[in-house]
Structure formats: structure tokens, C-alpha cells
Amino acid sequence: MEWRGVRAAVTGLGVVAPGGIGVRAWWEAALRGENAIAPLTRFDARGYPATLAGEVTGFADEEHVPARLLPQTDRVTRLSLAAAAEALADADLDPRNLPDYAMGVVTANAMGGFEFGQRELQALWSKGRRHVGAYQSFAWFYAANSGQISIRHGLRGPSGVVVSEQAGGLDAVAQARRRLRGGLRAVLTGGFDAALCPWGWTAQLAAGGMSTRDDARRAYLPFDADASGHVAGEGGALLVLEDADAARARGAAVLGTVAGCASTFDPAPGTGAPRLLAAARLALEDARIAPADVDVVFADAAGERNADRAEAAALAELFGPRAVAVTAPKSLTGRLGSGGSALDLAAALCALRDQVIPPTTGAVRVADDCPVDLVTGAARPARLRHALVLARGRGGFNAATVLRGPH
């Protein structure tokens, strides 16, 4: 339900993801159905059970981050800084032209600066404590992205970080919308993760659910009868959220509005049903729309048979079997942790703008026990007014966001 008349408009997007650096390159690749999953190159993954990943390729750190920041930032922060710059430019918003404390930043991050931390730990154990830099005190931390973005762009308003794994990107946007309701003019928000290093890879393998196939075309198959797990990746997206009236008053182009948000938490295993469906229903209620008003669902799409079956059952109960178009463009990039659902928000906004649904690649035989109208093969033109984005994070997090298009 809207509060105090405040509506959260998206006026800018920034993307750094497998398949494309920048919104345009990434979105065009997504519409073409280009699979960015490939053998790991960031380190030698031979000997590990999983060897495929969604890597951000062609990203030259020094082209996006000032030299003085390179020694004090992890890769995930550098990717975030690049996306933040693009999002602000896309919104044509210079924070220096706003009153002090009028703009804040809320990001999501689940794994922290794994690569930075691994490097410092290696130095500690191989060379001694004098070879560990002072930046280790914060560069590994989940809030480092929010902190560095706020410093870089002078965002002196309230800042924060959300840690709820894959659900984090949606949860961060929900918190940003609450900040707007509390009086902020604008918030930079979204999510990023990047942990494609031996330490981070080992942690992700230990968490389970990763595909061990070595064929990039068949490793991550959401809702497919032959699904065997997911592929991990790096990257994400950031959005500029503004009070809609203020955005229009300054002549900003509005990509869409965040119409509804909700989060739920699953009960302990074996004590009750998952609550993804409840999150979706609450988000629709918050947006004041009915299930029939939703034109496309950007699914969580775990790529694991039991999880896919549960999500498909939730969608069938909410909309009816195969009653709404469902897509999972993350099948092109892998699951990006906190960046995954933020990237889905970017995809949904682009879909609403262009009136086209990006495809789910790889999946060719939707499982009989997954009664969803999965968009496969090629992009599907459609009349789109509302998109529902779903996400589940490890540990029981569920999140849902309703986006309303600009049309």
C-alpha cells in the first residue's frame, strides 16, 4: 500500500554482469539468448567438482575505478562502483545538485570481498602479519559496496546493506522504498556479489546445489526435467529510486515504478511449507493488483528439481497452471547471489519498457511436474503492464517485487 502518497520510480539502471558490461550490451545479449556460462578462468578450477561459472569478462578495473581505490577494494566493490556510475548517469542525476542528506544508498551483498580476504590471508600465513594491509579491516565486509559508493558520489543520506543471499537484491530495493517514504529524495539500490576465487568457490560448493556438469549448455536448466543444480556467477545491477513526483518535476525519464514489495521466511525444515507463495501474494496485495494483472514472472529458478517443483506449484496455485508467462534470464548468467535478483529487476524493467520477454536458455523439456509457461528458445513479444520478480535466498529467505511499467 502506498504511504504518504510516495511512489518509488526507477529513473536509472547500471549493470555489470556476465554477458555484458552496461545495460545496453547485457540486455541485447539477453534478448539474443546468449549464454555467458563457460569454464572458469579466474583461477584453475580443475580438481573442483564444479568448473563452470558466469564470469564478467572484459572488465578492466582501472577503466572504472580511480587508481587510489584499487588497493583498498575487492572485485565486487569495483563492479558495484561501475554500475553506480552508470545508474546515476542513466538517471541524469548529479547528487551534488541535491540538498545534503537527500540521497542514500542501500545495497545487498551475501559473500563480502572473498577474493580480497583470501589474498590477505595468504599473505598472513606465508609472509607474516606485517604483510597484511590495513584495508583488510573493511574491504572484505558486506557493507563495503555501500560505503565506497556513498563516498565516491557524496551520498550522505542514510545508507545500509542487506544480507539475504539471492533474495537480497529485492530486499534492498524494498528497504530503499521505505527510505523514500521516510522523506529521502532518492536512493541508489540493488545488489552485487563476486566470489570466483578458490576460497569463495569452496564456500559455494559447501553450500550445495551447484551443478557439476561440464557442458555449459546443459549445466543450469531451470524447470527442465533434466535439471541438476545451478551455476554460480558474479555481477549484479543497481537502480536509482526516486520519489516519482520529484523525478517527473525535474524531467527525468521513468523506467517503471516499484509497486509492491514483500518478504517472508521459511519455517525450520520439516516443520512447515515454504513461504514463497505468501511473499508473492503479499507483494500483489501491496501493489493493489490481482494475479490476473501480472503479465510476466521472473522466477527464482533454482535449477534443482525439488526447488523448481516447489516454485512451479506456488505459481500454479497463484495464477493457475501455465496461466502466466515465466522466464529465467539468469539461466544465461548463472545465479549471482545478491546480484541475481537485482539483475532480474533490471531485466523486468527493460522488458516492461520494450514490451518483450527475454528467454530462458538451456531448458528444452519443461518437467511435467512444473506446470509453467516457460519462455524458451527466443524472446517473446508481449503486452506487459506488471512484472512479478521472485527470489529465494539460502537459509529460508523469500522475496517478491511487483514492477509497474511506464506505459
# chains A, B, ... in the order shown; residues from 1 in each chain; ligands from 1
>>> select_by_dssp(residues="range 145-319 of chain A", states="strand (DSSP E or B)", output="JSON, numbers by chain")
{"A": [159, 160, 161, 162, 186, 187, 188, 189, 190, 191, 192, 193, 210, 224, 230, 232, 233, 235, 236, 237, 238, 239, 240, 241, 242, 243, 256, 257, 258, 259, 260, 261, 262, 263, 264, 265, 296, 297, 298]}
>>> write_last_selection(atoms="N, CA, C and O atoms", output="compact mmCIF listing (two decimals), in the first residue's frame")
# COMPACT_ATOMS: atom_id res chain seq x y z
N SER A 159 22.43 5.12 4.72
CA SER A 159 22.99 4.03 3.93
C SER A 159 22.78 2.72 4.68
O SER A 159 22.59 2.71 5.90
N GLY A 160 22.86 1.61 3.96
CA GLY A 160 22.70 0.32 4.61
C GLY A 160 23.09 -0.81 3.69
O GLY A 160 23.40 -0.61 2.51
N VAL A 161 23.08 -2.02 4.25
CA VAL A 161 23.36 -3.22 3.48
C VAL A 161 22.42 -4.32 3.95
O VAL A 161 22.05 -4.39 5.13
N VAL A 162 22.00 -5.16 3.01
CA VAL A 162 21.11 -6.27 3.29
C VAL A 162 21.85 -7.57 2.98
O VAL A 162 22.50 -7.68 1.94
N ALA A 186 16.04 10.44 -3.07
CA ALA A 186 16.49 9.39 -3.97
C ALA A 186 17.37 8.40 -3.22
O ALA A 186 17.99 8.74 -2.21
N VAL A 187 17.43 7.17 -3.74
CA VAL A 187 18.27 6.12 -3.16
C VAL A 187 18.88 5.32 -4.30
O VAL A 187 18.19 4.96 -5.27
N LEU A 188 20.16 5.04 -4.20
CA LEU A 188 20.83 4.13 -5.12
C LEU A 188 20.78 2.74 -4.48
O LEU A 188 21.22 2.57 -3.33
N THR A 189 20.26 1.75 -5.20
CA THR A 189 19.99 0.47 -4.55
C THR A 189 20.14 -0.69 -5.53
O THR A 189 20.09 -0.51 -6.75
N GLY A 190 20.29 -1.88 -5.00
CA GLY A 190 20.43 -3.09 -5.80
C GLY A 190 21.34 -4.07 -5.10
O GLY A 190 21.45 -4.06 -3.87
N GLY A 191 22.02 -4.93 -5.86
CA GLY A 191 22.86 -5.93 -5.24
C GLY A 191 23.98 -6.41 -6.13
O GLY A 191 23.85 -6.40 -7.36
N PHE A 192 25.08 -6.85 -5.51
CA PHE A 192 26.23 -7.41 -6.22
C PHE A 192 26.88 -8.48 -5.37
O PHE A 192 26.92 -8.38 -4.14
N ASP A 193 27.39 -9.50 -6.03
CA ASP A 193 28.27 -10.48 -5.41
C ASP A 193 29.32 -10.89 -6.42
O ASP A 193 29.08 -10.86 -7.64
N MET A 210 25.03 -26.85 -6.48
CA MET A 210 25.71 -26.48 -7.72
C MET A 210 25.78 -27.66 -8.68
O MET A 210 26.00 -28.80 -8.28
N ASP A 224 13.61 -27.61 -16.06
CA ASP A 224 13.78 -28.69 -17.03
C ASP A 224 13.76 -30.04 -16.32
O ASP A 224 14.20 -30.16 -15.18
N HIS A 230 22.48 -25.47 -10.03
CA HIS A 230 22.72 -24.17 -10.65
C HIS A 230 24.21 -23.97 -10.91
O HIS A 230 25.05 -24.73 -10.44
N ALA A 232 27.11 -20.94 -10.50
CA ALA A 232 27.35 -19.68 -9.79
C ALA A 232 27.98 -18.66 -10.72
O ALA A 232 28.66 -19.00 -11.69
N GLY A 233 27.74 -17.39 -10.40
CA GLY A 233 28.32 -16.32 -11.21
C GLY A 233 28.63 -15.11 -10.37
O GLY A 233 28.55 -15.14 -9.14
N GLY A 235 28.47 -10.52 -10.39
CA GLY A 235 27.88 -9.35 -11.02
C GLY A 235 26.59 -8.94 -10.36
O GLY A 235 26.26 -9.38 -9.25
N GLY A 236 25.84 -8.07 -11.03
CA GLY A 236 24.57 -7.61 -10.48
C GLY A 236 24.11 -6.34 -11.16
O GLY A 236 24.51 -6.02 -12.29
N ALA A 237 23.26 -5.59 -10.46
CA ALA A 237 22.69 -4.36 -11.01
C ALA A 237 22.38 -3.39 -9.89
O ALA A 237 22.13 -3.79 -8.75
N LEU A 238 22.38 -2.10 -10.22
CA LEU A 238 21.97 -1.05 -9.30
C LEU A 238 20.92 -0.18 -9.98
O LEU A 238 20.96 0.03 -11.20
N LEU A 239 19.99 0.31 -9.17
CA LEU A 239 18.90 1.14 -9.65
C LEU A 239 18.89 2.47 -8.90
O LEU A 239 19.21 2.51 -7.72
N VAL A 240 18.51 3.53 -9.59
CA VAL A 240 18.22 4.80 -8.93
C VAL A 240 16.73 4.85 -8.68
O VAL A 240 15.93 4.80 -9.62
N LEU A 241 16.35 4.93 -7.41
CA LEU A 241 14.95 5.04 -7.00
C LEU A 241 14.72 6.47 -6.54
O LEU A 241 15.49 7.01 -5.74
N GLU A 242 13.64 7.06 -7.07
CA GLU A 242 13.30 8.44 -6.69
C GLU A 242 11.83 8.54 -6.36
O GLU A 242 11.00 7.75 -6.84
N ASP A 243 11.49 9.55 -5.58
CA ASP A 243 10.10 9.93 -5.43
C ASP A 243 9.59 10.29 -6.82
O ASP A 243 10.16 11.11 -7.53
N GLY A 256 9.95 2.74 -14.74
CA GLY A 256 8.89 1.96 -14.12
C GLY A 256 8.81 2.33 -12.65
O GLY A 256 9.64 3.11 -12.15
N THR A 257 7.85 1.78 -11.96
CA THR A 257 7.72 2.04 -10.53
C THR A 257 7.72 0.73 -9.75
O THR A 257 7.27 -0.30 -10.25
N VAL A 258 8.25 0.81 -8.54
CA VAL A 258 8.20 -0.33 -7.64
C VAL A 258 6.84 -0.27 -6.94
O VAL A 258 6.63 0.51 -6.02
N ALA A 259 5.93 -1.11 -7.42
CA ALA A 259 4.54 -1.03 -6.96
C ALA A 259 4.27 -1.85 -5.72
O ALA A 259 3.37 -1.53 -4.94
N GLY A 260 5.01 -2.94 -5.52
CA GLY A 260 4.75 -3.80 -4.37
C GLY A 260 5.99 -4.57 -3.96
O GLY A 260 6.78 -4.99 -4.81
N CYS A 261 6.17 -4.75 -2.66
CA CYS A 261 7.31 -5.50 -2.12
C CYS A 261 6.84 -6.36 -0.96
O CYS A 261 5.94 -5.97 -0.22
N ALA A 262 7.46 -7.51 -0.80
CA ALA A 262 7.16 -8.36 0.35
C ALA A 262 8.30 -9.34 0.58
O ALA A 262 9.02 -9.72 -0.36
N SER A 263 8.46 -9.74 1.83
CA SER A 263 9.45 -10.74 2.20
C SER A 263 8.83 -11.69 3.22
O SER A 263 8.03 -11.27 4.05
N THR A 264 9.21 -12.94 3.15
CA THR A 264 8.78 -13.94 4.13
C THR A 264 9.98 -14.81 4.48
O THR A 264 11.03 -14.74 3.82
N PHE A 265 9.80 -15.63 5.50
CA PHE A 265 10.88 -16.51 5.94
C PHE A 265 10.32 -17.91 6.14
O PHE A 265 9.28 -18.09 6.76
N VAL A 296 4.02 -11.15 -16.55
CA VAL A 296 5.22 -11.98 -16.65
C VAL A 296 5.81 -12.15 -15.26
O VAL A 296 5.76 -11.24 -14.44
N VAL A 297 6.36 -13.33 -15.03
CA VAL A 297 7.05 -13.63 -13.78
C VAL A 297 8.52 -13.92 -14.08
O VAL A 297 8.83 -14.75 -14.93
N PHE A 298 9.39 -13.21 -13.39
CA PHE A 298 10.82 -13.51 -13.44
C PHE A 298 11.10 -14.42 -12.24
O PHE A 298 11.12 -13.97 -11.10
>>> residues_around(residues="Leu31 in chain A", least_positions_apart="5", cutoff="7 Å", atoms="only C-alpha atoms", output="VMD selection string")
chain A and resid 358 to 359 379
>>> residues_around(residues="Gly169 in chain A", least_positions_apart="3", cutoff="7 Å", atoms="only C-alpha atoms", output="ChimeraX atom specification")
/A:108,166,172-173,190-191,338-339,341-342
>>> write_last_selection(atoms="N, CA, C and O atoms", output="CSV table (one decimal), in the first residue's frame")
chain,number,residue,atom,x,y,z
A,108,ALA,N,22.8,-4.8,-1.4
A,108,ALA,CA,22.8,-6.2,-0.9
A,108,ALA,C,24.0,-6.9,-1.3
A,108,ALA,O,24.5,-6.7,-2.4
A,166,GLN,N,20.3,-14.7,-2.4
A,166,GLN,CA,19.7,-14.4,-3.6
A,166,GLN,C,18.5,-13.4,-3.5
A,166,GLN,O,18.2,-12.7,-4.4
A,172,ALA,N,16.8,-5.2,-0.7
A,172,ALA,CA,17.5,-3.9,-0.7
A,172,ALA,C,16.6,-2.8,-1.3
A,172,ALA,O,16.4,-1.7,-0.8
A,173,VAL,N,15.9,-3.2,-2.4
A,173,VAL,CA,15.0,-2.2,-3.1
A,173,VAL,C,13.8,-1.9,-2.2
A,173,VAL,O,13.4,-0.8,-2.1
A,190,GLY,N,20.3,-1.9,-5.0
A,190,GLY,CA,20.4,-3.1,-5.8
A,190,GLY,C,21.3,-4.1,-5.1
A,190,GLY,O,21.5,-4.1,-3.9
A,191,GLY,N,22.0,-4.9,-5.9
A,191,GLY,CA,22.9,-5.9,-5.2
A,191,GLY,C,24.0,-6.4,-6.1
A,191,GLY,O,23.9,-6.4,-7.4
A,338,SER,N,23.4,-12.1,-4.3
A,338,SER,CA,22.6,-10.9,-4.1
A,338,SER,C,22.4,-10.1,-5.5
A,338,SER,O,21.4,-9.4,-5.6
A,339,GLY,N,23.4,-10.3,-6.4
A,339,GLY,CA,23.2,-9.6,-7.7
A,339,GLY,C,22.2,-10.2,-8.6
A,339,GLY,O,21.7,-9.6,-9.5
A,341,SER,N,18.9,-11.3,-8.1
A,341,SER,CA,17.6,-10.7,-8.1
A,341,SER,C,17.6,-9.3,-8.5
A,341,SER,O,16.6,-8.8,-9.1
A,342,ALA,N,18.7,-8.6,-8.2
A,342,ALA,CA,18.8,-7.2,-8.7
A,342,ALA,C,18.9,-7.2,-10.2
A,342,ALA,O,18.3,-6.3,-10.9
>>> closest_atom_pairs(of="range 78-149 of chain A", to="range 69-73 of chain A", cutoff="12 Å", atoms="only C-alpha atoms", output="CSV")
residue,atom,partner,partner_atom,distance
A:Arg78,CA,A:Thr73,CA,6.6
A:Leu79,CA,A:Thr73,CA,10.1
A:Ser80,CA,A:Thr73,CA,10.5
A:Leu81,CA,A:Thr73,CA,10.1
A:Gly112,CA,A:Thr73,CA,10.9
A:Gly113,CA,A:Thr73,CA,8.1
A:Phe114,CA,A:Thr73,CA,11.0
A:Glu115,CA,A:Thr73,CA,9.9
A:Phe116,CA,A:Thr73,CA,7.5
A:Gly117,CA,A:Thr73,CA,10.4
A:Arg119,CA,A:Pro71,CA,11.8
A:Glu120,CA,A:Gln72,CA,11.5
A:Val132,CA,A:Gln72,CA,12.0
A:Gly133,CA,A:Gln72,CA,8.9
A:Ala134,CA,A:Gln72,CA,8.6
A:Tyr135,CA,A:Gln72,CA,5.3
A:Gln136,CA,A:Gln72,CA,7.9
A:Ser137,CA,A:Gln72,CA,9.8
A:Phe138,CA,A:Gln72,CA,8.5
A:Ala139,CA,A:Thr73,CA,5.5
A:Trp140,CA,A:Thr73,CA,8.3
A:Phe141,CA,A:Thr73,CA,10.3
A:Tyr142,CA,A:Thr73,CA,11.9
A:Ala143,CA,A:Thr73,CA,11.8
A:Ala144,CA,A:Thr73,CA,8.2
A:Asn145,CA,A:Thr73,CA,8.9
A:Gly147,CA,A:Thr73,CA,10.9
A:Gln148,CA,A:Thr73,CA,8.6
A:Ile149,CA,A:Thr73,CA,11.3
>>> write_last_selection(atoms="N, CA and C atoms", output="short mmCIF file (atom, residue, chain, number, x, y, z; two decimals), in the first residue's frame")
data_model
loop_
_atom_site.label_atom_id
_atom_site.label_comp_id
_atom_site.auth_asym_id
_atom_site.auth_seq_id
_atom_site.Cartn_x
_atom_site.Cartn_y
_atom_site.Cartn_z
N ARG A 78 34.47 -3.03 -6.97
CA ARG A 78 34.80 -2.37 -8.24
C ARG A 78 33.67 -2.54 -9.26
N LEU A 79 33.08 -3.73 -9.31
CA LEU A 79 31.92 -3.92 -10.19
C LEU A 79 30.77 -3.01 -9.76
N SER A 80 30.56 -2.90 -8.45
CA SER A 80 29.49 -2.07 -7.93
C SER A 80 29.71 -0.60 -8.26
N LEU A 81 30.94 -0.12 -8.14
CA LEU A 81 31.24 1.27 -8.45
C LEU A 81 30.96 1.58 -9.92
N GLY A 112 30.55 -10.85 0.66
CA GLY A 112 31.63 -9.96 1.00
C GLY A 112 32.76 -9.99 -0.02
N GLY A 113 33.91 -9.45 0.37
CA GLY A 113 35.07 -9.40 -0.51
C GLY A 113 35.94 -10.63 -0.36
N PHE A 114 35.44 -11.76 -0.86
CA PHE A 114 36.14 -13.04 -0.68
C PHE A 114 37.55 -13.01 -1.27
N GLU A 115 37.68 -12.47 -2.47
CA GLU A 115 38.98 -12.51 -3.13
C GLU A 115 40.01 -11.66 -2.39
N PHE A 116 39.60 -10.49 -1.93
CA PHE A 116 40.49 -9.63 -1.15
C PHE A 116 40.90 -10.34 0.14
N GLY A 117 39.92 -10.92 0.81
CA GLY A 117 40.21 -11.62 2.05
C GLY A 117 41.13 -12.80 1.87
N ARG A 119 43.40 -13.16 -0.44
CA ARG A 119 44.74 -12.64 -0.72
C ARG A 119 45.46 -12.22 0.56
N GLU A 120 44.73 -11.55 1.46
CA GLU A 120 45.34 -11.10 2.70
C GLU A 120 45.66 -12.27 3.64
N VAL A 132 49.99 -7.92 5.94
CA VAL A 132 48.55 -7.75 5.83
C VAL A 132 48.24 -6.26 5.90
N GLY A 133 47.57 -5.75 4.87
CA GLY A 133 47.30 -4.32 4.80
C GLY A 133 46.16 -3.87 5.69
N ALA A 134 46.13 -2.59 5.97
CA ALA A 134 45.08 -2.02 6.82
C ALA A 134 43.70 -2.12 6.17
N TYR A 135 43.66 -2.17 4.84
CA TYR A 135 42.37 -2.21 4.14
C TYR A 135 41.62 -3.51 4.38
N GLN A 136 42.34 -4.54 4.85
CA GLN A 136 41.65 -5.79 5.17
C GLN A 136 40.59 -5.57 6.25
N SER A 137 40.70 -4.51 7.03
CA SER A 137 39.75 -4.26 8.10
C SER A 137 38.35 -3.97 7.59
N PHE A 138 38.23 -3.54 6.32
CA PHE A 138 36.89 -3.24 5.81
C PHE A 138 36.62 -3.74 4.39
N ALA A 139 37.64 -4.01 3.60
CA ALA A 139 37.41 -4.36 2.19
C ALA A 139 36.64 -5.67 2.03
N TRP A 140 36.74 -6.54 3.02
CA TRP A 140 36.04 -7.83 2.94
C TRP A 140 34.58 -7.73 3.34
N PHE A 141 34.17 -6.61 3.95
CA PHE A 141 32.90 -6.53 4.66
C PHE A 141 31.74 -6.36 3.68
N TYR A 142 30.57 -6.89 4.09
CA TYR A 142 29.39 -6.84 3.24
C TYR A 142 28.97 -5.41 2.90
N ALA A 143 29.23 -4.48 3.81
CA ALA A 143 28.81 -3.10 3.61
C ALA A 143 29.83 -2.27 2.82
N ALA A 144 30.91 -2.88 2.37
CA ALA A 144 31.95 -2.12 1.67
C ALA A 144 31.41 -1.47 0.40
N ASN A 145 30.52 -2.15 -0.31
CA ASN A 145 29.97 -1.57 -1.54
C ASN A 145 29.19 -0.30 -1.24
N GLY A 147 29.45 1.62 1.34
CA GLY A 147 30.35 2.64 1.85
C GLY A 147 31.14 3.32 0.75
N GLN A 148 31.73 2.53 -0.14
CA GLN A 148 32.55 3.11 -1.20
C GLN A 148 31.71 3.91 -2.20
N ILE A 149 30.50 3.43 -2.49
CA ILE A 149 29.61 4.16 -3.41
C ILE A 149 29.22 5.50 -2.79
#
>>> residues_around(residues="Ala91 in chain A", least_positions_apart="5", cutoff="10 Å", atoms="only C-alpha atoms", output="ChimeraX atom specification")
/A:10-14,86,239-242,247,252-255
>>> write_last_selection(atoms="N, CA and C atoms", output="short mmCIF file (atom, residue, chain, number, x, y, z; two decimals), in the first residue's frame")
data_model
loop_
_atom_site.label_atom_id
_atom_site.label_comp_id
_atom_site.auth_asym_id
_atom_site.auth_seq_id
_atom_site.Cartn_x
_atom_site.Cartn_y
_atom_site.Cartn_z
N VAL A 10 11.78 4.22 -10.77
CA VAL A 10 13.13 3.86 -11.20
C VAL A 10 13.51 4.78 -12.35
N THR A 11 14.56 5.56 -12.15
CA THR A 11 14.97 6.52 -13.18
C THR A 11 16.34 6.21 -13.77
N GLY A 12 17.05 5.22 -13.22
CA GLY A 12 18.37 4.89 -13.75
C GLY A 12 18.73 3.45 -13.48
N LEU A 13 19.49 2.85 -14.39
CA LEU A 13 19.95 1.47 -14.25
C LEU A 13 21.44 1.40 -14.53
N GLY A 14 22.13 0.54 -13.80
CA GLY A 14 23.52 0.22 -14.07
C GLY A 14 23.73 -1.26 -13.93
N GLU A 86 27.09 4.20 -13.84
CA GLU A 86 26.17 4.09 -14.98
C GLU A 86 24.75 4.44 -14.58
N LEU A 239 19.99 0.31 -9.17
CA LEU A 239 18.90 1.14 -9.65
C LEU A 239 18.89 2.47 -8.90
N VAL A 240 18.51 3.53 -9.59
CA VAL A 240 18.22 4.80 -8.93
C VAL A 240 16.73 4.85 -8.68
N LEU A 241 16.35 4.93 -7.41
CA LEU A 241 14.95 5.04 -7.00
C LEU A 241 14.72 6.47 -6.54
N GLU A 242 13.64 7.06 -7.07
CA GLU A 242 13.30 8.44 -6.69
C GLU A 242 11.83 8.54 -6.36
N ALA A 247 10.86 13.15 -9.42
CA ALA A 247 11.55 12.75 -10.65
C ALA A 247 10.91 13.41 -11.87
N ALA A 252 12.85 13.82 -15.39
CA ALA A 252 13.51 12.52 -15.52
C ALA A 252 12.62 11.53 -16.26
N ALA A 253 13.24 10.67 -17.03
CA ALA A 253 12.53 9.57 -17.68
C ALA A 253 12.32 8.46 -16.66
N VAL A 254 11.10 7.99 -16.53
CA VAL A 254 10.77 6.94 -15.56
C VAL A 254 10.70 5.60 -16.27
N LEU A 255 11.53 4.66 -15.83
CA LEU A 255 11.56 3.32 -16.43
C LEU A 255 10.42 2.45 -15.93
#
>>> residues_around(residues="range 276-288 of chain A", least_positions_apart="3", cutoff="12 Å", atoms="only C-alpha atoms", output="number ranges by chain")
A: 1-3, 7-8, 167, 170-171, 174, 257-267, 273, 291-294, 297-300, 307-308, 310-319, 386-393, 396-404
>>> closest_residue(among="A:Ile357, A:Ala219, A:Leu196, A:Leu343", to="Arg383 in chain A", atoms="only C-alpha atoms")
A:Ile357
>>> closest_residue(among="A:Pro198, A:Pro222, A:Gly251, A:Gly270", to="Ala363 in chain A", atoms="only C-alpha atoms")
A:Pro222
>>> residues_around(residues="Val163 in chain A", least_positions_apart="4", cutoff="7 Å", atoms="only C-alpha atoms", output="VMD selection string")
chain A and resid 108 to 110 168
>>> closest_residue(among="A:Glu55, A:Glu234, A:Glu165, A:Asp100", to="Arg185 in chain A", atoms="only C-alpha atoms")
A:Asp100
>>> atom_distance(atom1="CA of Arg248 in chain A", atom2="CA of Asp90 in chain A")
14.7 Å
>>> select_by_dssp(residues="range 8-173 of chain A", states="alpha helix (DSSP H)", output="PyMOL selection string")
chain A and resi 23-32+61-64+75-91+114-127+136-139+144-153+168-173
>>> closest_residue(among="A:Arg75, A:Arg96, A:Lys330, A:Arg179", to="Arg42 in chain A", atoms="only C-alpha atoms")
A:Arg75
>>> closest_residue(among="A:Tyr101, A:Leu352, A:Gly33, A:Ala249", to="Leu155 in chain A", atoms="only C-alpha atoms")
A:Tyr101
>>> residues_around(residues="Asp226 in chain A", least_positions_apart="3", cutoff="8 Å", atoms="only C-alpha atoms", output="JSON, numbers by chain")
{"A": [221, 365, 367]}
>>> write_last_selection(atoms="all heavy atoms", output="tab-separated table (two decimals), in the first residue's frame")
chain	number	residue	atom	x	y	z
A	221	LEU	N	19.59	-25.66	-15.87
A	221	LEU	CA	18.37	-25.85	-16.64
A	221	LEU	C	17.14	-25.64	-15.77
A	221	LEU	O	16.47	-26.60	-15.37
A	221	LEU	CB	18.34	-27.27	-17.23
A	221	LEU	CG	19.57	-27.73	-18.02
A	221	LEU	CD1	19.43	-29.20	-18.40
A	221	LEU	CD2	19.76	-26.87	-19.26
A	365	ARG	N	12.98	-29.14	-22.23
A	365	ARG	CA	11.88	-30.05	-21.90
A	365	ARG	C	11.41	-29.72	-20.48
A	365	ARG	O	11.94	-30.25	-19.51
A	365	ARG	CB	12.35	-31.51	-21.99
A	365	ARG	CG	11.21	-32.52	-21.80
A	365	ARG	CD	11.66	-33.91	-22.24
A	365	ARG	NE	12.76	-34.42	-21.45
A	365	ARG	CZ	12.59	-35.19	-20.36
A	365	ARG	NH1	11.37	-35.50	-19.95
A	365	ARG	NH2	13.63	-35.65	-19.70
A	367	ALA	N	9.68	-29.88	-17.18
A	367	ALA	CA	9.23	-31.07	-16.46
A	367	ALA	C	7.71	-31.08	-16.31
A	367	ALA	O	7.07	-30.03	-16.13
A	367	ALA	CB	9.89	-31.12	-15.08
>>> atom_distance(atom1="CA of Val23 in chain A", atom2="CA of Asp245 in chain A")
24.9 Å
